[in-house]
$ cat query10.tsv   # TSV, C-alpha atoms
chain	number	residue	atom	x	y	z
V	5	MET	CA	0.00	0.00	0.00
V	6	THR	CA	1.37	3.39	-0.95
V	7	SER	CA	0.54	6.78	0.50
V	8	SER	CA	1.66	8.65	-2.60
V	9	VAL	CA	-0.97	10.50	-4.58
V	10	LEU	CA	0.96	10.45	-7.84
V	11	GLU	CA	3.68	8.05	-8.85
V	12	CYS	CA	5.42	8.02	-12.24
V	13	ARG	CA	8.05	5.45	-13.19
V	14	ALA	CA	10.07	5.74	-16.41
V	15	LEU	CA	7.14	7.62	-17.91
V	16	THR	CA	7.81	8.24	-21.59
V	17	LYS	CA	5.73	9.98	-24.25
V	18	TYR	CA	6.44	10.44	-27.94
V	19	TYR	CA	4.41	12.54	-30.33
V	20	GLY	CA	5.43	10.81	-33.58
V	21	SER	CA	9.21	10.98	-33.43
V	22	THR	CA	9.27	13.92	-30.99
V	23	MET	CA	9.98	12.98	-27.40
V	24	ALA	CA	7.93	14.93	-24.82
V	25	LEU	CA	8.63	12.85	-21.69
V	26	ASP	CA	11.91	10.99	-21.28
V	27	SER	CA	11.69	8.18	-18.72
V	28	LEU	CA	10.37	10.56	-16.08
V	29	ASP	CA	10.26	9.51	-12.41
V	30	LEU	CA	8.19	11.50	-9.93
V	31	THR	CA	6.43	10.80	-6.62
V	32	LEU	CA	4.04	13.24	-4.94
V	33	GLU	CA	2.91	12.65	-1.36
V	34	LYS	CA	-0.46	13.73	0.00
V	35	GLY	CA	-1.09	17.10	1.60
V	36	ARG	CA	1.37	19.05	-0.54
V	37	ILE	CA	1.12	22.04	-2.85
V	38	VAL	CA	3.70	21.42	-5.55
V	39	GLY	CA	4.99	23.67	-8.32
V	40	LEU	CA	5.73	21.98	-11.66
V	41	LEU	CA	8.22	24.42	-13.11
V	42	GLY	CA	10.04	24.40	-16.40
V	43	PRO	CA	10.60	26.31	-19.62
V	44	ASN	CA	8.10	26.13	-22.48
V	45	GLY	CA	8.17	22.73	-24.17
V	46	SER	CA	9.74	20.95	-21.17
V	47	GLY	CA	6.84	18.49	-20.82
V	48	LYS	CA	4.67	20.10	-18.11
V	49	THR	CA	1.37	19.93	-19.98
V	50	THR	CA	2.08	16.44	-21.35
V	51	LEU	CA	2.69	15.12	-17.82
V	52	ILE	CA	-0.48	16.77	-16.53
V	53	LYS	CA	-2.57	15.43	-19.41
V	54	ILE	CA	-1.30	11.89	-18.84
V	55	ALA	CA	-2.09	12.18	-15.11
V	56	ALA	CA	-5.56	13.48	-16.00
V	57	GLY	CA	-6.07	10.43	-18.23
V	58	LEU	CA	-6.33	12.46	-21.44
V	59	LEU	CA	-3.16	11.11	-23.07
V	60	THR	CA	-1.72	7.61	-23.07
V	61	PRO	CA	1.98	7.23	-22.28
V	62	THR	CA	4.19	5.53	-24.87
V	63	SER	CA	5.83	3.51	-22.09
V	64	GLY	CA	6.36	3.53	-18.34
V	65	THR	CA	3.80	3.57	-15.55
V	66	ILE	CA	1.73	6.16	-13.76
V	67	ARG	CA	-0.42	5.58	-10.67
V	68	ILE	CA	-2.89	7.93	-8.99
V	69	CYS	CA	-3.48	6.78	-5.40
V	70	GLY	CA	-2.44	3.36	-6.68
V	71	PHE	CA	-4.75	3.36	-9.73
V	72	ALA	CA	-3.59	3.21	-13.33
V	73	PRO	CA	-5.35	5.75	-15.60
V	74	SER	CA	-8.95	4.56	-15.63
V	75	PRO	CA	-12.41	5.71	-14.58
V	76	GLU	CA	-11.26	5.03	-10.98
V	77	SER	CA	-8.26	7.36	-11.30
V	78	LYS	CA	-10.28	10.05	-13.11
V	79	ALA	CA	-12.76	10.09	-10.24
V	80	LEU	CA	-9.90	11.15	-7.94
V	81	VAL	CA	-8.39	13.82	-10.21
V	82	SER	CA	-9.61	17.36	-10.79
V	83	TYR	CA	-8.02	18.99	-13.82
V	84	LEU	CA	-7.85	22.66	-14.79
V	85	PRO	CA	-6.72	22.86	-18.42
V	86	GLU	CA	-4.58	25.65	-19.74
V	87	PHE	CA	-7.35	26.74	-22.08
V	88	THR	CA	-11.00	27.02	-21.15
V	89	TYR	CA	-13.20	24.08	-22.08
V	90	PHE	CA	-16.56	25.51	-21.11
V	91	GLU	CA	-18.38	26.54	-24.27
V	92	ASN	CA	-19.05	30.24	-24.75
V	93	HIS	CA	-22.82	29.76	-24.88
V	94	MET	CA	-22.90	27.92	-21.51
V	95	ARG	CA	-24.30	29.61	-18.45
V	96	VAL	CA	-22.29	29.36	-15.20
V	97	ARG	CA	-25.17	27.28	-13.80
V	98	GLU	CA	-24.86	24.86	-16.73
V	99	CYS	CA	-21.11	24.44	-16.12
V	100	PHE	CA	-21.96	23.42	-12.55
V	101	GLU	CA	-24.65	21.02	-13.80
V	102	LEU	CA	-22.14	19.43	-16.15
V	103	PHE	CA	-19.74	18.85	-13.25
V	104	ARG	CA	-22.54	17.56	-11.02
V	105	ASP	CA	-23.45	15.01	-13.69
V	106	PHE	CA	-19.87	13.91	-14.23
V	107	TYR	CA	-18.44	13.89	-10.72
V	108	ASP	CA	-19.97	12.50	-7.53
V	109	ASP	CA	-17.60	14.61	-5.42
V	110	PHE	CA	-18.65	17.99	-6.88
V	111	ASP	CA	-19.83	20.31	-4.10
V	112	GLU	CA	-22.28	22.57	-5.92
V	113	THR	CA	-23.19	24.57	-2.81
V	114	LYS	CA	-19.55	25.47	-2.32
V	115	ALA	CA	-19.19	26.46	-5.99
V	116	ARG	CA	-22.34	28.63	-5.82
V	117	ASP	CA	-21.08	30.33	-2.63
V	118	MET	CA	-17.75	31.16	-4.25
V	119	ILE	CA	-19.46	32.48	-7.39
V	120	ARG	CA	-21.67	34.70	-5.25
V	121	ASP	CA	-18.56	36.09	-3.52
V	122	LEU	CA	-17.22	36.89	-6.99
V	123	GLY	CA	-20.42	38.77	-7.80
V	124	VAL	CA	-21.19	36.56	-10.80
V	125	SER	CA	-24.77	35.49	-11.46
V	126	PRO	CA	-25.19	31.75	-12.18
V	127	GLU	CA	-27.29	32.84	-15.17
V	128	LYS	CA	-24.36	34.59	-16.88
V	129	ARG	CA	-23.05	33.03	-20.06
V	130	MET	CA	-19.33	32.34	-20.44
V	131	ARG	CA	-19.11	34.72	-23.41
V	132	GLU	CA	-20.35	37.58	-21.20
V	133	LEU	CA	-17.45	37.18	-18.77
V	134	SER	CA	-13.99	38.78	-19.05
V	135	LYS	CA	-10.97	36.53	-19.56
V	136	GLY	CA	-9.98	36.90	-15.90
V	137	MET	CA	-13.50	36.16	-14.69
V	138	LYS	CA	-13.79	33.12	-16.96
V	139	GLU	CA	-10.55	31.75	-15.50
V	140	LYS	CA	-11.89	32.32	-11.98
V	141	VAL	CA	-15.23	30.60	-12.69
V	142	GLN	CA	-13.40	27.63	-14.15
V	143	LEU	CA	-11.01	27.44	-11.18
V	144	VAL	CA	-13.92	27.66	-8.72
V	145	THR	CA	-15.63	24.78	-10.54
V	146	VAL	CA	-12.51	22.61	-10.57
V	147	MET	CA	-11.63	23.38	-6.91
V	148	SER	CA	-15.17	22.57	-5.74
V	149	ARG	CA	-14.56	18.85	-6.14
V	150	ARG	CA	-13.31	16.84	-3.18
V	151	SER	CA	-10.49	15.32	-5.20
V	152	ARG	CA	-7.28	13.69	-4.10
V	153	LEU	CA	-5.19	15.26	-6.85
V	154	PHE	CA	-5.72	18.71	-8.37
V	155	LEU	CA	-3.86	19.38	-11.62
V	156	LEU	CA	-3.77	23.09	-12.43
V	157	ASP	CA	-2.15	23.87	-15.77
V	158	GLU	CA	-0.97	27.50	-15.86
V	159	PRO	CA	-3.79	28.81	-13.64
V	160	ILE	CA	-2.41	32.36	-13.46
V	161	ALA	CA	-1.12	32.89	-17.00
V	162	GLY	CA	-2.33	36.12	-18.53
V	163	VAL	CA	-4.46	37.41	-15.64
V	164	ASP	CA	-4.09	40.75	-13.84
V	165	PRO	CA	-2.51	40.91	-10.34
V	166	ALA	CA	-5.85	41.13	-8.54
V	167	SER	CA	-7.14	38.05	-10.36
V	168	ARG	CA	-3.87	36.28	-9.62
V	169	ASP	CA	-4.31	36.97	-5.88
V	170	TYR	CA	-7.90	35.69	-6.03
V	171	ILE	CA	-6.78	32.51	-7.78
V	172	LEU	CA	-3.96	31.83	-5.31
V	173	ASN	CA	-6.27	32.51	-2.35
V	174	THR	CA	-8.89	30.15	-3.78
V	175	ILE	CA	-6.23	27.45	-4.05
V	176	ILE	CA	-5.10	28.02	-0.44
V	177	ARG	CA	-8.65	28.12	0.93
V	178	ASN	CA	-9.52	24.83	-0.75
V	179	TYR	CA	-6.33	23.04	0.15
V	180	SER	CA	-6.88	19.96	2.28
V	181	GLU	CA	-4.37	17.76	4.06
V	182	ASP	CA	-5.71	14.74	2.18
V	183	SER	CA	-5.18	16.15	-1.26
V	184	THR	CA	-2.25	17.26	-3.34
V	185	ILE	CA	-2.26	20.24	-5.68
V	186	LEU	CA	0.11	20.30	-8.64
V	187	ILE	CA	0.44	23.75	-10.23
V	188	SER	CA	2.32	24.14	-13.49
V	189	THR	CA	3.60	27.61	-14.26
V	190	HIS	CA	6.50	29.62	-15.57
V	191	LEU	CA	5.53	32.59	-13.35
V	192	ILE	CA	7.57	31.31	-10.41
V	193	SER	CA	7.93	34.41	-8.26
V	194	ASP	CA	4.13	34.81	-8.27
V	195	VAL	CA	3.43	31.34	-6.87
V	196	GLU	CA	6.47	30.24	-4.92
V	197	ASN	CA	5.25	31.44	-1.50
V	198	VAL	CA	2.22	29.19	-1.91
V	199	LEU	CA	4.25	26.05	-2.62
V	200	ASP	CA	5.54	23.31	-0.29
V	201	ASP	CA	7.76	21.78	-2.96
V	202	TYR	CA	9.17	22.57	-6.37
V	203	VAL	CA	9.75	20.19	-9.26
V	204	PHE	CA	11.98	21.44	-12.07
V	205	ILE	CA	11.30	19.69	-15.36
V	206	ARG	CA	13.47	19.99	-18.44
V	207	ASP	CA	13.58	18.05	-21.71
V	208	GLY	CA	10.90	15.69	-20.39
V	209	LYS	CA	12.85	14.75	-17.26
V	210	VAL	CA	12.69	15.77	-13.62
V	211	TRP	CA	15.80	17.88	-13.20
V	212	GLN	CA	15.62	18.83	-9.53
V	213	THR	CA	13.08	18.71	-6.68
V	214	GLY	CA	13.03	20.09	-3.17
V	215	SER	CA	11.26	21.96	-0.41
V	216	VAL	CA	10.78	25.69	-0.92
V	217	GLU	CA	11.37	26.54	2.76
V	218	ALA	CA	14.41	24.26	3.01
V	219	LEU	CA	15.93	26.01	-0.01
V	220	ARG	CA	15.49	29.35	1.74
V	221	GLU	CA	16.78	28.00	5.05
V	222	ASN	CA	19.82	26.15	3.72
V	223	GLU	CA	20.85	28.25	0.75
V	224	ASN	CA	19.09	31.54	1.51
V	225	LYS	CA	17.68	31.39	-1.99
V	226	SER	CA	14.26	31.74	-3.58
V	227	VAL	CA	12.95	29.18	-6.07
V	228	ASP	CA	12.85	31.95	-8.66
V	229	ALA	CA	16.58	32.63	-8.16
V	230	LEU	CA	17.40	28.90	-8.31
V	231	PHE	CA	15.32	28.48	-11.46
V	232	ARG	CA	17.22	31.30	-13.16
V	233	GLU	CA	20.51	29.60	-12.31
V	234	VAL	CA	19.45	26.16	-13.47
V	235	PHE	CA	17.77	27.35	-16.67
V	236	ARG	CA	19.95	30.36	-17.45
V	237	TYR	CA	20.57	29.26	-21.03
V	238	GLU	CA	16.92	28.72	-21.79
V	239	VAL	CA	15.38	31.74	-20.04
V	240	ARG	CA	15.23	34.72	-22.33
W	26	MET	CA	-2.03	43.68	8.58
W	27	LYS	CA	0.37	44.03	5.66
W	28	TRP	CA	2.10	40.86	4.50
W	29	GLU	CA	5.21	41.57	2.49
W	30	PHE	CA	7.97	39.05	1.95
W	31	ASN	CA	11.43	39.24	0.45
W	32	GLY	CA	13.36	36.67	-1.54
W	33	LYS	CA	15.83	35.90	1.23
W	34	GLY	CA	15.35	33.82	4.34
W	35	PRO	CA	12.55	31.37	5.16
W	36	ILE	CA	8.98	32.67	4.81
W	37	ALA	CA	8.08	31.18	8.21
W	38	ALA	CA	10.71	33.34	9.93
W	39	GLN	CA	9.44	36.41	8.04
W	40	ILE	CA	5.88	35.66	9.18
W	41	VAL	CA	7.06	35.33	12.80
W	42	LEU	CA	8.74	38.74	12.60
W	43	LEU	CA	5.70	40.44	10.99
W	44	VAL	CA	3.36	39.05	13.67
W	45	GLU	CA	5.78	40.00	16.47
W	46	GLN	CA	5.90	43.55	15.10
W	47	ALA	CA	2.09	43.73	14.85
W	48	ILE	CA	1.77	42.56	18.47
W	49	ALA	CA	4.54	44.94	19.64
W	50	ARG	CA	2.86	48.02	18.13
W	51	GLY	CA	-0.58	46.87	19.32
W	52	GLU	CA	-2.16	46.32	15.89
W	53	LEU	CA	-2.81	42.82	17.17
W	54	ALA	CA	-4.16	43.57	20.66
W	55	PRO	CA	-3.57	41.42	23.77
W	56	GLY	CA	-6.15	38.64	23.84
W	57	GLU	CA	-7.31	39.26	20.25
W	58	TRP	CA	-8.48	36.14	18.38
W	59	LEU	CA	-6.57	35.25	15.25
W	60	PRO	CA	-8.23	33.96	12.07
W	61	SER	CA	-7.76	30.26	11.26
W	62	VAL	CA	-4.44	29.08	9.84
W	63	ARG	CA	-6.02	28.61	6.44
W	64	GLU	CA	-7.56	32.08	6.52
W	65	LEU	CA	-4.26	33.67	7.59
W	66	ALA	CA	-2.43	31.72	4.88
W	67	ALA	CA	-4.89	32.97	2.26
W	68	GLU	CA	-4.63	36.56	3.59
W	69	ALA	CA	-0.83	36.45	3.37
W	70	SER	CA	-0.85	34.38	0.14
W	71	VAL	CA	1.49	31.80	1.65
W	72	ASN	CA	1.53	28.04	1.95
W	73	PRO	CA	-0.75	26.81	4.80
W	74	ASN	CA	1.95	24.47	6.17
W	75	THR	CA	4.38	27.41	6.34
W	76	MET	CA	1.82	29.54	8.20
W	77	GLN	CA	1.21	26.63	10.58
W	78	LYS	CA	4.95	26.37	11.25
W	79	ALA	CA	5.23	30.11	11.98
W	80	LEU	CA	2.28	30.03	14.39
W	81	LEU	CA	3.80	27.05	16.17
W	82	GLU	CA	6.97	29.06	16.73
W	83	LEU	CA	4.93	32.02	18.04
W	84	GLU	CA	3.18	29.61	20.40
W	85	GLN	CA	6.46	28.23	21.60
W	86	ASN	CA	7.77	31.69	22.49
W	87	GLY	CA	4.47	32.43	24.22
W	88	LEU	CA	3.15	35.28	22.06
W	89	VAL	CA	0.23	33.21	20.78
W	90	ASN	CA	-1.95	30.82	22.77
W	91	THR	CA	-4.02	27.97	21.43
W	92	VAL	CA	-7.34	27.26	23.10
W	93	ARG	CA	-8.39	23.76	22.18
W	94	ASN	CA	-11.36	23.57	19.77
W	95	THR	CA	-11.66	27.35	19.79
W	96	GLY	CA	-8.69	28.94	18.10
W	97	LYS	CA	-5.58	30.97	18.61
W	98	SER	CA	-5.28	34.29	20.40
W	99	VAL	CA	-2.63	36.90	21.13
W	100	THR	CA	-1.11	36.60	24.61
W	101	THR	CA	-2.44	38.82	27.40
W	102	ASP	CA	1.00	38.83	29.04
W	103	THR	CA	1.79	42.57	28.65
W	104	GLU	CA	5.20	42.02	30.24
W	105	LEU	CA	6.11	39.57	27.46
W	106	ILE	CA	4.76	41.96	24.82
W	107	ARG	CA	6.92	44.79	26.20
W	108	ALA	CA	9.97	42.50	26.29
W	109	THR	CA	9.28	41.49	22.67
W	110	ARG	CA	9.11	45.12	21.59
W	111	ASP	CA	12.37	45.88	23.43
W	112	ARG	CA	14.05	42.95	21.68
W	113	LEU	CA	12.82	44.08	18.23
W	114	VAL	CA	13.99	47.65	18.93
W	115	GLU	CA	17.37	46.36	20.09
W	116	GLU	CA	17.75	44.21	16.95
W	117	SER	CA	16.87	47.17	14.70
W	118	ILE	CA	19.35	49.48	16.39
W	119	ARG	CA	22.08	46.89	16.17
W	120	ALA	CA	21.42	46.38	12.44
W	121	PHE	CA	21.34	50.16	11.90
W	122	LEU	CA	24.65	50.67	13.73
W	123	ALA	CA	26.24	47.88	11.68
W	124	ASP	CA	25.07	49.63	8.49
W	125	MET	CA	26.52	52.96	9.66
W	126	LYS	CA	29.79	51.27	10.51
W	127	SER	CA	29.97	49.75	7.05
W	128	LEU	CA	29.53	53.30	5.67
W	129	GLY	CA	32.52	54.45	7.74
W	130	LEU	CA	30.69	56.45	10.44
W	131	ASP	CA	31.92	56.22	14.03
W	132	ARG	CA	29.64	56.25	17.07
W	133	ALA	CA	30.08	59.98	17.75
W	134	GLU	CA	29.07	60.86	14.18
W	135	VAL	CA	26.02	58.57	14.32
W	136	SER	CA	25.06	60.03	17.66
W	137	ALA	CA	25.34	63.63	16.37
W	138	LEU	CA	23.38	62.71	13.24
W	139	MET	CA	20.57	61.13	15.26
W	140	GLU	CA	20.45	64.12	17.59
W	141	ARG	CA	19.79	66.45	14.63
W	142	ARG	CA	17.31	64.05	12.99
W	143	VAL	CA	15.16	63.30	16.00
W	144	SER	CA	14.94	66.76	17.50
$ encode --input "query10.tsv" --output "structure tokens"
Amino acid sequence: MTSSVLECRALTKYYGSTMALDSLDLTLEKGRIVGLLGPNGSGKTTLIKIAAGLLTPTSGTIRICGFAPSPESKALVSYLPEFTYFENHMRVRECFELFRDFYDDFDETKARDMIRDLGVSPEKRMRELSKGMKEKVQLVTVMSRRSRLFLLDEPIAGVDPASRDYILNTIIRNYSEDSTILISTHLISDVENVLDDYVFIRDGKVWQTGSVEALRENENKSVDALFREVFRYEVR
Amino acid sequence: MKWEFNGKGPIAAQIVLLVEQAIARGELAPGEWLPSVRELAAEASVNPNTMQKALLELEQNGLVNTVRNTGKSVTTDTELIRATRDRLVEESIRAFLADMKSLGLDRAEVSALMERRVS
């Protein structure tokens, strides 16, 4: 029996002849907020999509709370994609109904409370909302499940600072000791104070992992500073 | 309360200092109830485990008390609060004097400078 929420062993993914994940090993324990950090094209989204059960690995294994990708694993995973998947014509209420139909663990009362705090009517259509508000509604929906693993792909990309604060606060308020939250981003300085651990990924491999506070304690260094050192040739 | 962090040093230690300062200047009053760890973490935009660790340290040095099943509150020990303020003042002065020394000022010059500034 394992206590890890996510476990990848020699996980490999090719798109045709292009390698996206190169025998990647990664273990995430429960109760952690983890940053998946790496330059563009390093494999972040591919890893998240495999964990969400949307892509099949070419080889290697992945387990979510011990389950291989399957309806069982999908029931434990809440996934926020990089790009919105709610249709423009959908009302906020209908997005909630969709989640209620798909997921037994969706807490609609909680979602409605959070939407009310945002000042958004459940009758609003997605196309009537600003980009920032759309992102928030989608995050609220995803975070209103009682999942074991939350996969958030670039949740703060392209939003203003106030929206960014709202999104980070929503993540913190919904954090539970039984679940693990994996946040992929390249905006490290914006999220690093929220993280327990960092995972640097590069060329489809895990390059370095560690505790954010231990890095500050032992090396007096922020994750942002470390990232710039490690990836100094790639960061432009 | 304003939560501002810098890139150096553990966040937990920075939280401890900010809370100590707020208690020392009375912004957090003796006996005042604190929000939950999760709420404080959200307010400060920091990791909940880090906030928990900072509060534990504040408990250990007696500035914060935990009442079981109720929550956490600021100490009512005014003697301890005064001693905390004295310690923070002392630390600031020491850091300031070290800075002045690194700029080549001796104690008499600093003293004369302060005299003019404060009066």
$ residues_around --input "query10.tsv" --residues "W:Val135" --least-positions-apart "6" --cutoff "12 Å" --atoms "all atoms listed in the file" --output "PDB file with C-alpha atoms, in the coordinates of the input"
ATOM      1  CA  ILE W 118      19.350  49.480  16.390  1.00  0.00           C
ATOM      2  CA  PHE W 121      21.340  50.160  11.900  1.00  0.00           C
ATOM      3  CA  LEU W 122      24.650  50.670  13.730  1.00  0.00           C
ATOM      4  CA  ALA W 123      26.240  47.880  11.680  1.00  0.00           C
ATOM      5  CA  ASP W 124      25.070  49.630   8.490  1.00  0.00           C
ATOM      6  CA  MET W 125      26.520  52.960   9.660  1.00  0.00           C
ATOM      7  CA  LYS W 126      29.790  51.270  10.510  1.00  0.00           C
ATOM      8  CA  LEU W 128      29.530  53.300   5.670  1.00  0.00           C
ATOM      9  CA  GLY W 129      32.520  54.450   7.740  1.00  0.00           C
ATOM     10  CA  ARG W 141      19.790  66.450  14.630  1.00  0.00           C
ATOM     11  CA  ARG W 142      17.310  64.050  12.990  1.00  0.00           C
ATOM     12  CA  VAL W 143      15.160  63.300  16.000  1.00  0.00           C
TER      13      VAL W 143
END
$ interface_residues --input "query10.tsv" --of "chain V" --to "chain W" --cutoff "6 Å" --atoms "all atoms listed in the file" --output "list in words"
Asn173, Ile176, Asn197, Val198, Leu199, Glu217, Arg220, Glu221, Asn224, Lys225 and Ser226 of chain V
$ residues_near_point --input "query10.tsv" --point "(9.7, 16.2, -10.5)" --cutoff "9 Å" --atoms "all atoms listed in the file" --output "VMD selection string"
chain V and resid 28 to 32 40 to 41 202 to 205 209 to 214
$ atom_distance --input "query10.tsv" --atom1 "atom CA of W:Val41" --atom2 "atom CA of V:Arg168"
25.0 Å
$ residues_around --input "query10.tsv" --residues "V:Ser46" --least-positions-apart "6" --cutoff "6 Å" --atoms "all atoms listed in the file" --output "PDB file with C-alpha atoms, in the coordinates of the input"
ATOM      1  CA  ARG V 206      13.470  19.990 -18.440  1.00  0.00           C
ATOM      2  CA  ASP V 207      13.580  18.050 -21.710  1.00  0.00           C
ATOM      3  CA  GLY V 208      10.900  15.690 -20.390  1.00  0.00           C
TER       4      GLY V 208
END
$ build_atoms --input "query10.tsv" --residues "stretch 113-125 of chain W" --atoms "N, CA, C and O atoms" --output "PDB file, in the frame of the given file"
ATOM      1  N   LEU W 113      12.888  43.666  19.635  1.00  0.00           N
ATOM      2  CA  LEU W 113      12.820  44.080  18.230  1.00  0.00           C
ATOM      3  C   LEU W 113      13.526  45.424  18.031  1.00  0.00           C
ATOM      4  O   LEU W 113      14.234  45.633  17.043  1.00  0.00           O
ATOM      5  N   VAL W 114      13.332  46.345  18.995  1.00  0.00           N
ATOM      6  CA  VAL W 114      13.990  47.650  18.930  1.00  0.00           C
ATOM      7  C   VAL W 114      15.505  47.464  18.981  1.00  0.00           C
ATOM      8  O   VAL W 114      16.253  48.011  18.164  1.00  0.00           O
ATOM      9  N   GLU W 115      15.941  46.626  19.923  1.00  0.00           N
ATOM     10  CA  GLU W 115      17.370  46.360  20.090  1.00  0.00           C
ATOM     11  C   GLU W 115      17.978  45.791  18.805  1.00  0.00           C
ATOM     12  O   GLU W 115      19.031  46.238  18.347  1.00  0.00           O
ATOM     13  N   GLU W 116      17.261  44.831  18.193  1.00  0.00           N
ATOM     14  CA  GLU W 116      17.750  44.210  16.950  1.00  0.00           C
ATOM     15  C   GLU W 116      17.861  45.238  15.818  1.00  0.00           C
ATOM     16  O   GLU W 116      18.815  45.240  15.045  1.00  0.00           O
ATOM     17  N   SER W 117      16.862  46.141  15.743  1.00  0.00           N
ATOM     18  CA  SER W 117      16.870  47.170  14.700  1.00  0.00           C
ATOM     19  C   SER W 117      18.040  48.123  14.875  1.00  0.00           C
ATOM     20  O   SER W 117      18.712  48.488  13.911  1.00  0.00           O
ATOM     21  N   ILE W 118      18.258  48.537  16.114  1.00  0.00           N
ATOM     22  CA  ILE W 118      19.350  49.480  16.390  1.00  0.00           C
ATOM     23  C   ILE W 118      20.691  48.833  16.048  1.00  0.00           C
ATOM     24  O   ILE W 118      21.547  49.452  15.412  1.00  0.00           O
ATOM     25  N   ARG W 119      20.828  47.587  16.433  1.00  0.00           N
ATOM     26  CA  ARG W 119      22.080  46.890  16.170  1.00  0.00           C
ATOM     27  C   ARG W 119      22.346  46.808  14.652  1.00  0.00           C
ATOM     28  O   ARG W 119      23.456  47.050  14.191  1.00  0.00           O
ATOM     29  N   ALA W 120      21.284  46.483  13.895  1.00  0.00           N
ATOM     30  CA  ALA W 120      21.420  46.380  12.440  1.00  0.00           C
ATOM     31  C   ALA W 120      21.761  47.753  11.842  1.00  0.00           C
ATOM     32  O   ALA W 120      22.607  47.868  10.946  1.00  0.00           O
ATOM     33  N   PHE W 121      21.104  48.795  12.371  1.00  0.00           N
ATOM     34  CA  PHE W 121      21.340  50.160  11.900  1.00  0.00           C
ATOM     35  C   PHE W 121      22.793  50.576  12.155  1.00  0.00           C
ATOM     36  O   PHE W 121      23.477  51.102  11.272  1.00  0.00           O
ATOM     37  N   LEU W 122      23.272  50.303  13.375  1.00  0.00           N
ATOM     38  CA  LEU W 122      24.650  50.670  13.730  1.00  0.00           C
ATOM     39  C   LEU W 122      25.662  49.928  12.856  1.00  0.00           C
ATOM     40  O   LEU W 122      26.674  50.490  12.439  1.00  0.00           O
ATOM     41  N   ALA W 123      25.354  48.661  12.550  1.00  0.00           N
ATOM     42  CA  ALA W 123      26.240  47.880  11.680  1.00  0.00           C
ATOM     43  C   ALA W 123      26.306  48.506  10.290  1.00  0.00           C
ATOM     44  O   ALA W 123      27.371  48.600   9.676  1.00  0.00           O
ATOM     45  N   ASP W 124      25.130  48.966   9.793  1.00  0.00           N
ATOM     46  CA  ASP W 124      25.070  49.630   8.490  1.00  0.00           C
ATOM     47  C   ASP W 124      25.932  50.902   8.494  1.00  0.00           C
ATOM     48  O   ASP W 124      26.689  51.165   7.561  1.00  0.00           O
ATOM     49  N   MET W 125      25.785  51.703   9.557  1.00  0.00           N
ATOM     50  CA  MET W 125      26.520  52.960   9.660  1.00  0.00           C
ATOM     51  C   MET W 125      28.026  52.695   9.686  1.00  0.00           C
ATOM     52  O   MET W 125      28.804  53.402   9.056  1.00  0.00           O
TER      53      MET W 125
END
